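Colleague: Next comes structure10.txt, compact mmCIF, C-alpha atoms and all ligand atoms:
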```txt
# COMPACT_ATOMS: atom_id res chain seq x y z
CA MET G 1 96.71 100.28 75.13
CA LYS G 2 92.99 100.82 75.18
CA HIS G 3 91.14 98.54 77.56
CA GLU G 4 88.10 96.62 76.46
CA LEU G 5 85.38 96.80 79.12
CA LYS G 6 82.39 94.51 79.56
CA VAL G 7 79.47 95.84 81.61
CA MET G 8 78.74 93.67 84.64
CA ILE G 9 76.30 95.89 86.60
CA THR G 10 74.30 98.59 84.80
CA GLU G 11 73.43 102.01 86.19
CA ALA G 12 69.81 100.90 86.67
CA GLU G 13 70.93 97.81 88.59
CA ILE G 14 73.21 99.98 90.76
CA ASN G 15 70.26 102.22 91.61
CA GLN G 16 68.04 99.27 92.51
CA ALA G 17 70.73 97.83 94.80
CA LEU G 18 71.25 101.23 96.43
CA ASP G 19 67.51 101.57 97.10
CA LYS G 20 67.53 98.22 98.91
CA MET G 21 70.64 99.05 100.93
CA ALA G 22 69.22 102.43 101.97
CA GLU G 23 65.88 100.88 102.94
CA LYS G 24 67.62 98.50 105.36
CA ILE G 25 69.88 101.22 106.76
CA ASN G 26 66.94 103.60 107.27
CA ARG G 27 65.01 100.86 109.06
CA ASP G 28 67.93 99.92 111.32
CA TYR G 29 68.83 103.48 112.32
CA GLN G 30 65.29 104.71 112.85
CA GLY G 31 65.23 106.62 116.14
CA VAL G 32 69.01 107.10 116.25
CA ASP G 33 69.70 110.81 116.86
CA SER G 34 72.54 111.04 114.35
CA LEU G 35 74.44 108.74 112.04
CA LEU G 36 78.04 109.40 111.04
CA VAL G 37 78.72 107.97 107.58
CA VAL G 38 82.44 107.43 106.96
CA GLY G 39 83.56 107.05 103.35
CA LEU G 40 86.84 105.33 102.57
CA LEU G 41 88.52 107.30 99.80
CA LYS G 42 88.89 107.22 97.00
CA GLY G 43 86.84 104.25 95.88
CA SER G 44 83.74 105.04 97.93
CA VAL G 45 83.04 108.54 96.54
CA LEU G 46 80.32 107.54 94.10
CA VAL G 47 78.51 105.06 96.35
CA MET G 48 78.83 107.45 99.28
CA SER G 49 77.16 110.34 97.46
CA ASP G 50 74.42 108.14 95.99
CA LEU G 51 73.74 106.28 99.25
CA VAL G 52 73.59 109.26 101.63
CA ARG G 53 71.07 110.97 99.36
CA ARG G 54 68.75 108.06 100.13
CA LEU G 55 69.20 108.21 103.93
CA ASP G 56 66.67 109.72 106.34
CA GLY G 57 67.38 111.51 109.58
CA ASN G 58 70.38 113.42 110.81
CA VAL G 59 73.33 112.24 108.71
CA HIS G 60 76.88 113.55 109.11
CA LEU G 61 79.77 112.74 106.76
CA ASP G 62 83.48 112.17 107.28
CA PHE G 63 86.20 110.59 105.17
CA MET G 64 89.34 108.59 105.60
CA THR G 65 91.88 107.24 103.12
CA ALA G 66 93.25 103.73 103.51
CA SER G 67 95.29 102.34 100.68
CA SER G 68 96.50 98.81 100.02
CA TYR G 69 96.42 98.50 96.24
CA GLY G 70 99.37 99.80 94.23
CA ALA G 71 99.37 100.20 90.47
CA GLY G 72 98.14 96.69 89.66
CA THR G 73 95.14 94.49 90.43
CA GLU G 74 96.45 92.67 93.53
CA SER G 75 96.24 93.90 97.11
CA SER G 76 99.65 94.44 98.68
CA GLY G 77 98.21 93.36 102.02
CA ASP G 78 99.99 96.31 103.58
CA VAL G 79 97.14 98.64 104.51
CA LYS G 80 98.11 102.23 105.22
CA ILE G 81 95.97 104.98 106.77
CA VAL G 82 96.89 107.84 104.46
CA MET G 83 94.36 110.35 105.79
CA ASP G 84 92.49 110.08 109.08
CA LEU G 85 89.00 111.31 110.04
CA ALA G 86 88.53 114.99 110.72
CA ARG G 87 86.58 114.52 113.97
CA SER G 88 86.23 112.25 117.00
CA ILE G 89 83.84 109.29 116.74
CA ASN G 90 83.56 108.78 120.50
CA GLY G 91 79.92 107.92 121.29
CA ARG G 92 78.81 108.22 117.64
CA HIS G 93 76.89 105.70 115.56
CA VAL G 94 79.31 105.08 112.69
CA LEU G 95 78.59 103.47 109.33
CA ILE G 96 81.64 102.86 107.13
CA VAL G 97 80.92 102.98 103.40
CA GLU G 98 83.10 101.09 100.92
CA ASP G 99 82.96 100.44 97.20
CA ILE G 100 84.20 96.86 97.50
CA ILE G 101 85.29 94.26 100.03
CA ASP G 102 87.75 91.79 98.53
CA THR G 103 90.34 90.19 100.85
CA GLY G 104 88.85 92.13 103.78
CA ARG G 105 92.27 93.47 104.79
CA THR G 106 91.39 97.15 104.35
CA LEU G 107 88.15 97.02 106.33
CA SER G 108 89.65 94.80 109.00
CA LYS G 109 92.38 97.34 109.66
CA VAL G 110 90.02 100.32 109.54
CA CYS G 111 87.40 98.67 111.79
CA ALA G 112 90.04 97.65 114.34
CA LEU G 113 91.34 101.22 114.45
CA LEU G 114 87.91 102.84 114.72
CA LYS G 115 86.77 100.42 117.45
CA THR G 116 89.58 101.69 119.69
CA ARG G 117 87.94 105.14 119.54
CA ASN G 118 84.76 104.03 121.36
CA PRO G 119 81.97 104.62 118.84
CA ALA G 120 78.42 103.89 120.10
CA SER G 121 78.15 101.43 117.19
CA LEU G 122 80.21 100.52 114.13
CA GLU G 123 78.85 98.82 110.99
CA VAL G 124 79.96 98.43 107.39
CA ALA G 125 78.11 98.99 104.10
CA SER G 126 79.94 97.87 100.97
CA PHE G 127 78.42 98.24 97.54
CA LEU G 128 80.28 95.21 96.14
CA ASP G 129 81.32 92.03 97.92
CA LYS G 130 83.65 89.35 96.55
CA PRO G 131 83.15 86.70 99.28
CA SER G 132 85.28 84.08 97.50
CA ARG G 133 88.38 86.28 97.95
CA ARG G 134 88.11 86.80 101.69
CA VAL G 135 91.34 86.33 103.69
CA VAL G 136 90.26 88.20 106.84
CA ASP G 137 86.73 87.87 108.21
CA VAL G 138 84.92 91.22 108.46
CA PRO G 139 81.22 91.54 109.30
CA VAL G 140 79.58 93.55 106.50
CA LYS G 141 76.00 94.31 107.47
CA TYR G 142 74.88 95.96 104.22
CA VAL G 143 75.92 94.68 100.78
CA GLY G 144 74.70 95.97 97.42
CA VAL G 145 75.76 93.18 95.05
CA GLU G 146 77.83 90.01 95.48
CA ILE G 147 80.19 89.41 92.57
CA PRO G 148 82.49 86.55 91.49
CA ASP G 149 86.29 86.75 91.61
CA GLU G 150 86.81 89.19 88.73
CA PHE G 151 88.65 92.51 88.74
CA VAL G 152 86.08 95.24 88.21
CA VAL G 153 86.23 98.95 87.42
CA GLY G 154 83.80 101.87 87.41
CA TYR G 155 81.49 103.40 89.99
CA GLY G 156 84.52 104.49 92.05
CA LEU G 157 86.74 101.49 91.28
CA ASP G 158 89.91 102.12 89.32
CA TYR G 159 92.51 100.48 87.13
CA ASP G 160 95.66 102.55 87.63
CA GLU G 161 93.36 105.43 88.71
CA ALA G 162 91.30 105.30 85.49
CA TYR G 163 87.58 104.44 85.10
CA ARG G 164 86.44 105.60 88.56
CA GLN G 165 83.93 107.98 86.96
CA LEU G 166 81.99 105.34 85.03
CA PRO G 167 78.32 105.20 86.10
CA TYR G 168 78.34 101.39 85.72
CA ILE G 169 80.58 98.52 86.85
CA ALA G 170 82.59 96.57 84.27
CA THR G 171 85.26 93.91 83.94
CA VAL G 172 88.45 94.57 81.99
CA LEU G 173 88.70 91.97 79.21
CA ASN G 174 92.34 92.76 78.32
CA PRO G 175 94.06 93.86 81.58
O1 LIG Z 201 89.21 93.96 100.80
P1 LIG Z 201 90.52 94.46 100.24
O2 LIG Z 201 91.30 93.37 99.54
O3 LIG Z 201 91.34 95.19 101.24
O4 LIG Z 201 90.17 95.44 99.03
C1 LIG Z 201 89.22 96.46 99.09
C2 LIG Z 201 89.86 97.81 99.03
O5 LIG Z 201 90.59 98.00 97.81
C3 LIG Z 201 90.23 99.23 97.22
O6 LIG Z 201 90.94 100.31 97.74
P2 LIG Z 201 92.37 100.79 97.23
O7 LIG Z 201 93.40 100.43 98.27
O8 LIG Z 201 92.62 100.30 95.82
O9 LIG Z 201 92.24 102.35 97.24
P3 LIG Z 201 91.15 103.29 96.49
O10 LIG Z 201 89.89 103.28 97.32
O11 LIG Z 201 91.80 104.62 96.46
O12 LIG Z 201 90.92 102.73 95.10
C4 LIG Z 201 88.78 99.38 97.62
O13 LIG Z 201 88.36 100.72 97.55
C5 LIG Z 201 88.76 98.86 99.02
O14 LIG Z 201 89.09 99.86 99.96
N1 LIG Z 202 89.36 98.40 90.91
C1 LIG Z 202 89.29 97.39 91.77
N2 LIG Z 202 89.82 97.52 92.99
C2 LIG Z 202 89.70 96.46 93.83
N3 LIG Z 202 90.13 96.31 95.09
C3 LIG Z 202 89.77 95.09 95.49
N4 LIG Z 202 89.13 94.43 94.52
C4 LIG Z 202 89.06 95.28 93.46
C5 LIG Z 202 88.51 95.17 92.15
O1 LIG Z 202 87.92 94.17 91.72
N5 LIG Z 202 88.65 96.28 91.36
```
Take the structure in this file and express it as structure tokens.
Modeller:
Amino acid sequence: MKHELKVMITEAEINQALDKMAEKINRDYQGVDSLLVVGLLKGSVLVMSDLVRRLDGNVHLDFMTASSYGAGTESSGDVKIVMDLARSINGRHVLIVEDIIDTGRTLSKVCALLKTRNPASLEVASFLDKPSRRVVDVPVKYVGVEIPDEFVVGYGLDYDEAYRQLPYIATVLNP
């Protein structure tokens, strides 16, 4: 069945939100010798590449895969670390980049794990935030856009792995 999509956030609006996020991040990390930006795969790939291009200074990248969503639109709540970081974060300033924070379960698990590895600092930037869905409290310092409780696709976000490549964010009218 072909899904009917309704655009929620346009490409131009995404770019404006990214500019604002990057401005805050650049201000906060001014004077820091290097910033390690950690992308959570796969959802963060688009926001990660667009955000880091806007960052000043000495930026390093690493990736990790944490998965909690199966084939459908509901989190299983069972967060698994499928692929870990390539390098140590001991003493590093770490900024985790996510496409969306929903229940907060994924970020809560990832933050708890990374904190045990003694980073110099650990903060979170999530392009989308669905605050009404939160089950676990996670401090997210940088948010692009707050959205209501609707399942969205595009700009890294999938429906059964489809639609990640869309340059805009949309809701699925006939899931
Ligand atoms: O706040 P939560 O309820 O935990 O939901 C947010 C997480 O769900 C999605 O990941 P998913 O597990 O679907 O993997 P993906 O990044 O490969 O799409 C998204 O990328 C976030 O990581
Ligand atoms: N694709 C997608 N994945 C999610 N993971 C948590 N919330 C969402 C959402 O709204 N869309």
Colleague: Kindly indicate which residue among G:Glu23, G:Asp62, G:Asp160, G:Asp84 lies nearest to Tyr142 of chain G, using all atoms listed in the file for the distances.
Modeller: G:Glu23
Colleague: Give as a CSV table (one decimal) with C-alpha atoms, in the coordinates of the input the residues surrounding ligand LIG 201 (chain Z) up to a distance of 7 Å, considering only C-alpha atoms and all ligand atoms.
Modeller:
```csv
chain,number,residue,atom,x,y,z
G,40,LEU,CA,86.8,105.3,102.6
G,41,LEU,CA,88.5,107.3,99.8
G,42,LYS,CA,88.9,107.2,97.0
G,43,GLY,CA,86.8,104.2,95.9
G,44,SER,CA,83.7,105.0,97.9
G,66,ALA,CA,93.2,103.7,103.5
G,67,SER,CA,95.3,102.3,100.7
G,68,SER,CA,96.5,98.8,100.0
G,69,TYR,CA,96.4,98.5,96.2
G,70,GLY,CA,99.4,99.8,94.2
G,75,SER,CA,96.2,93.9,97.1
G,98,GLU,CA,83.1,101.1,100.9
G,99,ASP,CA,83.0,100.4,97.2
G,100,ILE,CA,84.2,96.9,97.5
G,101,ILE,CA,85.3,94.3,100.0
G,102,ASP,CA,87.8,91.8,98.5
G,103,THR,CA,90.3,90.2,100.8
G,104,GLY,CA,88.8,92.1,103.8
G,105,ARG,CA,92.3,93.5,104.8
G,106,THR,CA,91.4,97.2,104.4
G,107,LEU,CA,88.2,97.0,106.3
G,157,LEU,CA,86.7,101.5,91.3
G,158,ASP,CA,89.9,102.1,89.3
```
Colleague: With 6 Å of padding per side, what axis-aligned box (centre and edge lengths, Å, one decimal) covers all the listed atoms of ligand LIG 202 (chain Z)? Give it as lines of an AutoDock Vina configuration file.
Modeller:
```
center_x = 89.0
center_y = 96.3
center_z = 93.2
size_x = 14.2
size_y = 16.2
size_z = 16.6
```
Colleague: Considering all atoms listed in the file, can you say which of G:Thr171, G:Asn58, G:Gln16, G:Thr10 comes closest to ligand LIG 202 (chain Z)?
Modeller: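 That would be G:Thr171, the residue with the smallest distance to ligand LIG 202 (chain Z).
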Colleague: At what distance in Å, to one decimal, does atom CA of Cys111 of chain G lie from atom CA of Ile147 of chain G?
Modeller: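 Here the two named atoms are 22.5 Å from each other.
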Colleague: Of the candidates G:Ala112, G:Asn174, G:Leu128, G:Gly144, which shows the shortest atom-to-atom distance to ligand LIG 202 (chain Z), using all atoms listed in the file?
Modeller: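 Once distances to ligand LIG 202 (chain Z) are computed over all atoms listed in the file, the minimum belongs to G:Leu128.
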Colleague: So the first atom is atom CA of Pro131 of chain G and the second is atom CA of Pro148 of chain G; what is the distance between them in Å, to one decimal place?
Modeller: 7.8 Å
Colleague: Give me the residues within 7 Å of Gln165 of chain G as a list in words, counting all atoms listed in the file and dropping any in the same chain fewer than 5 places off.
Modeller: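 Counting all atoms listed in the file, the residues come to Gly154, Tyr155 and Gly156 of chain G.
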Colleague: What gap, in Å, lies between atom CA of Phe63 of chain G and atom CA of Val124 of chain G?
Modeller: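 About the pair atom CA of Phe63 of chain G and atom CA of Val124 of chain G: they are 13.8 Å apart.
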Colleague: Could you tell me which of G:Val38, G:Ile14, G:Met8, G:Val140 comes closest to ligand LIG 202 (chain Z) if we count all atoms listed in the file?
Modeller: G:Met8
Colleague: In terms of the shortest atom-to-atom distance over only C-alpha atoms and all ligand atoms, which of G:Leu114, G:Leu18, G:Val172, G:Val153 is closest to ligand LIG 202 (chain Z)?
Modeller: G:Val153
Colleague: Using only C-alpha atoms, can you tell me which of G:Asp149, G:Leu85, G:Ile25, G:Leu173 comes closest to Arg133 of chain G?
Modeller: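 Selected residue with least distance to Arg133 of chain G: G:Asp149.
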Colleague: Segment 33-35 of chain G: which residues within 10 Å, counting only C-alpha atoms, same-chain residues fewer than 2 positions away excluded, as a PyMOL selection string?
Modeller: chain G and resi 29-31+37-38+55-61+92-95+121
Colleague: N, CA and C atoms are what I want for segment 85-121 of chain G; can you complete it accordingly and write them as a PDB file, in the frame of the given file?
Modeller:
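For reference, result-v6.pdb as written:
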```pdb
ATOM      1  N   LEU G  85      90.247 110.554 109.911  1.00  0.00           N
ATOM      2  CA  LEU G  85      89.000 111.310 110.040  1.00  0.00           C
ATOM      3  C   LEU G  85      89.264 112.712 110.560  1.00  0.00           C
ATOM      4  N   ALA G  86      88.350 113.617 110.258  1.00  0.00           N
ATOM      5  CA  ALA G  86      88.530 114.990 110.720  1.00  0.00           C
ATOM      6  C   ALA G  86      88.108 115.160 112.176  1.00  0.00           C
ATOM      7  N   ARG G  87      87.145 114.320 112.633  1.00  0.00           N
ATOM      8  CA  ARG G  87      86.580 114.520 113.970  1.00  0.00           C
ATOM      9  C   ARG G  87      86.560 113.235 114.793  1.00  0.00           C
ATOM     10  N   SER G  88      86.353 113.387 116.079  1.00  0.00           N
ATOM     11  CA  SER G  88      86.230 112.250 117.000  1.00  0.00           C
ATOM     12  C   SER G  88      84.959 111.445 116.687  1.00  0.00           C
ATOM     13  N   ILE G  89      85.040 110.118 116.908  1.00  0.00           N
ATOM     14  CA  ILE G  89      83.840 109.290 116.740  1.00  0.00           C
ATOM     15  C   ILE G  89      83.353 108.739 118.087  1.00  0.00           C
ATOM     16  N   ASN G  90      83.936 109.219 119.150  1.00  0.00           N
ATOM     17  CA  ASN G  90      83.560 108.780 120.500  1.00  0.00           C
ATOM     18  C   ASN G  90      82.052 108.959 120.720  1.00  0.00           C
ATOM     19  N   GLY G  91      81.354 107.849 121.020  1.00  0.00           N
ATOM     20  CA  GLY G  91      79.920 107.920 121.290  1.00  0.00           C
ATOM     21  C   GLY G  91      79.031 108.056 120.050  1.00  0.00           C
ATOM     22  N   ARG G  92      79.610 108.031 118.875  1.00  0.00           N
ATOM     23  CA  ARG G  92      78.810 108.220 117.640  1.00  0.00           C
ATOM     24  C   ARG G  92      78.403 106.870 117.049  1.00  0.00           C
ATOM     25  N   HIS G  93      77.277 106.868 116.362  1.00  0.00           N
ATOM     26  CA  HIS G  93      76.890 105.700 115.560  1.00  0.00           C
ATOM     27  C   HIS G  93      77.557 105.862 114.201  1.00  0.00           C
ATOM     28  N   VAL G  94      78.466 104.925 113.893  1.00  0.00           N
ATOM     29  CA  VAL G  94      79.310 105.080 112.690  1.00  0.00           C
ATOM     30  C   VAL G  94      78.971 103.988 111.669  1.00  0.00           C
ATOM     31  N   LEU G  95      78.796 104.411 110.433  1.00  0.00           N
ATOM     32  CA  LEU G  95      78.590 103.470 109.330  1.00  0.00           C
ATOM     33  C   LEU G  95      79.691 103.724 108.294  1.00  0.00           C
ATOM     34  N   ILE G  96      80.569 102.732 108.125  1.00  0.00           N
ATOM     35  CA  ILE G  96      81.640 102.860 107.130  1.00  0.00           C
ATOM     36  C   ILE G  96      81.088 102.477 105.766  1.00  0.00           C
ATOM     37  N   VAL G  97      81.380 103.286 104.759  1.00  0.00           N
ATOM     38  CA  VAL G  97      80.920 102.980 103.400  1.00  0.00           C
ATOM     39  C   VAL G  97      82.113 102.678 102.503  1.00  0.00           C
ATOM     40  N   GLU G  98      82.040 101.541 101.833  1.00  0.00           N
ATOM     41  CA  GLU G  98      83.100 101.090 100.920  1.00  0.00           C
ATOM     42  C   GLU G  98      82.533 100.799  99.549  1.00  0.00           C
ATOM     43  N   ASP G  99      83.388 100.862  98.535  1.00  0.00           N
ATOM     44  CA  ASP G  99      82.960 100.440  97.200  1.00  0.00           C
ATOM     45  C   ASP G  99      83.006  98.926  97.074  1.00  0.00           C
ATOM     46  N   ILE G 100      84.057  98.303  97.662  1.00  0.00           N
ATOM     47  CA  ILE G 100      84.200  96.860  97.500  1.00  0.00           C
ATOM     48  C   ILE G 100      84.913  96.255  98.707  1.00  0.00           C
ATOM     49  N   ILE G 101      84.502  95.043  99.077  1.00  0.00           N
ATOM     50  CA  ILE G 101      85.290  94.260 100.030  1.00  0.00           C
ATOM     51  C   ILE G 101      85.771  93.024  99.285  1.00  0.00           C
ATOM     52  N   ASP G 102      87.090  92.843  99.306  1.00  0.00           N
ATOM     53  CA  ASP G 102      87.750  91.790  98.530  1.00  0.00           C
ATOM     54  C   ASP G 102      88.416  90.841  99.534  1.00  0.00           C
ATOM     55  N   THR G 103      89.694  91.047  99.839  1.00  0.00           N
ATOM     56  CA  THR G 103      90.340  90.190 100.850  1.00  0.00           C
ATOM     57  C   THR G 103      89.820  90.507 102.255  1.00  0.00           C
ATOM     58  N   GLY G 104      89.310  91.709 102.451  1.00  0.00           N
ATOM     59  CA  GLY G 104      88.850  92.130 103.780  1.00  0.00           C
ATOM     60  C   GLY G 104      89.938  92.828 104.582  1.00  0.00           C
ATOM     61  N   ARG G 105      91.149  92.906 104.012  1.00  0.00           N
ATOM     62  CA  ARG G 105      92.270  93.470 104.790  1.00  0.00           C
ATOM     63  C   ARG G 105      92.055  94.946 105.105  1.00  0.00           C
ATOM     64  N   THR G 106      91.557  95.703 104.131  1.00  0.00           N
ATOM     65  CA  THR G 106      91.390  97.150 104.350  1.00  0.00           C
ATOM     66  C   THR G 106      90.383  97.398 105.465  1.00  0.00           C
ATOM     67  N   LEU G 107      89.202  96.772 105.333  1.00  0.00           N
ATOM     68  CA  LEU G 107      88.150  97.020 106.330  1.00  0.00           C
ATOM     69  C   LEU G 107      88.532  96.478 107.691  1.00  0.00           C
ATOM     70  N   SER G 108      89.251  95.366 107.716  1.00  0.00           N
ATOM     71  CA  SER G 108      89.650  94.800 109.000  1.00  0.00           C
ATOM     72  C   SER G 108      90.531  95.790 109.751  1.00  0.00           C
ATOM     73  N   LYS G 109      91.476  96.379 109.021  1.00  0.00           N
ATOM     74  CA  LYS G 109      92.380  97.340 109.660  1.00  0.00           C
ATOM     75  C   LYS G 109      91.629  98.601 110.102  1.00  0.00           C
ATOM     76  N   VAL G 110      90.757  99.090 109.218  1.00  0.00           N
ATOM     77  CA  VAL G 110      90.020 100.320 109.540  1.00  0.00           C
ATOM     78  C   VAL G 110      89.063 100.082 110.708  1.00  0.00           C
ATOM     79  N   CYS G 111      88.351  98.956 110.693  1.00  0.00           N
ATOM     80  CA  CYS G 111      87.400  98.670 111.790  1.00  0.00           C
ATOM     81  C   CYS G 111      88.138  98.533 113.117  1.00  0.00           C
ATOM     82  N   ALA G 112      89.278  97.834 113.101  1.00  0.00           N
ATOM     83  CA  ALA G 112      90.040  97.650 114.340  1.00  0.00           C
ATOM     84  C   ALA G 112      90.458  99.013 114.895  1.00  0.00           C
ATOM     85  N   LEU G 113      90.907  99.882 114.011  1.00  0.00           N
ATOM     86  CA  LEU G 113      91.340 101.220 114.450  1.00  0.00           C
ATOM     87  C   LEU G 113      90.158 102.016 115.014  1.00  0.00           C
ATOM     88  N   LEU G 114      89.039 102.014 114.285  1.00  0.00           N
ATOM     89  CA  LEU G 114      87.910 102.840 114.720  1.00  0.00           C
ATOM     90  C   LEU G 114      87.278 102.310 116.017  1.00  0.00           C
ATOM     91  N   LYS G 115      87.333 100.987 116.205  1.00  0.00           N
ATOM     92  CA  LYS G 115      86.770 100.420 117.450  1.00  0.00           C
ATOM     93  C   LYS G 115      87.508 100.926 118.682  1.00  0.00           C
ATOM     94  N   THR G 116      88.806 101.200 118.539  1.00  0.00           N
ATOM     95  CA  THR G 116      89.580 101.690 119.690  1.00  0.00           C
ATOM     96  C   THR G 116      89.140 103.097 120.102  1.00  0.00           C
ATOM     97  N   ARG G 117      88.337 103.758 119.248  1.00  0.00           N
ATOM     98  CA  ARG G 117      87.940 105.140 119.540  1.00  0.00           C
ATOM     99  C   ARG G 117      86.546 105.236 120.156  1.00  0.00           C
ATOM    100  N   ASN G 118      86.025 104.081 120.624  1.00  0.00           N
ATOM    101  CA  ASN G 118      84.760 104.030 121.360  1.00  0.00           C
ATOM    102  C   ASN G 118      83.533 104.628 120.656  1.00  0.00           C
ATOM    103  N   PRO G 119      83.232 104.179 119.450  1.00  0.00           N
ATOM    104  CA  PRO G 119      81.970 104.620 118.840  1.00  0.00           C
ATOM    105  C   PRO G 119      80.802 103.943 119.563  1.00  0.00           C
ATOM    106  N   ALA G 120      79.600 104.525 119.499  1.00  0.00           N
ATOM    107  CA  ALA G 120      78.420 103.890 120.100  1.00  0.00           C
ATOM    108  C   ALA G 120      78.098 102.609 119.332  1.00  0.00           C
ATOM    109  N   SER G 121      78.305 102.637 118.010  1.00  0.00           N
ATOM    110  CA  SER G 121      78.150 101.430 117.190  1.00  0.00           C
ATOM    111  C   SER G 121      79.002 101.610 115.941  1.00  0.00           C
TER     112      SER G 121
END
```
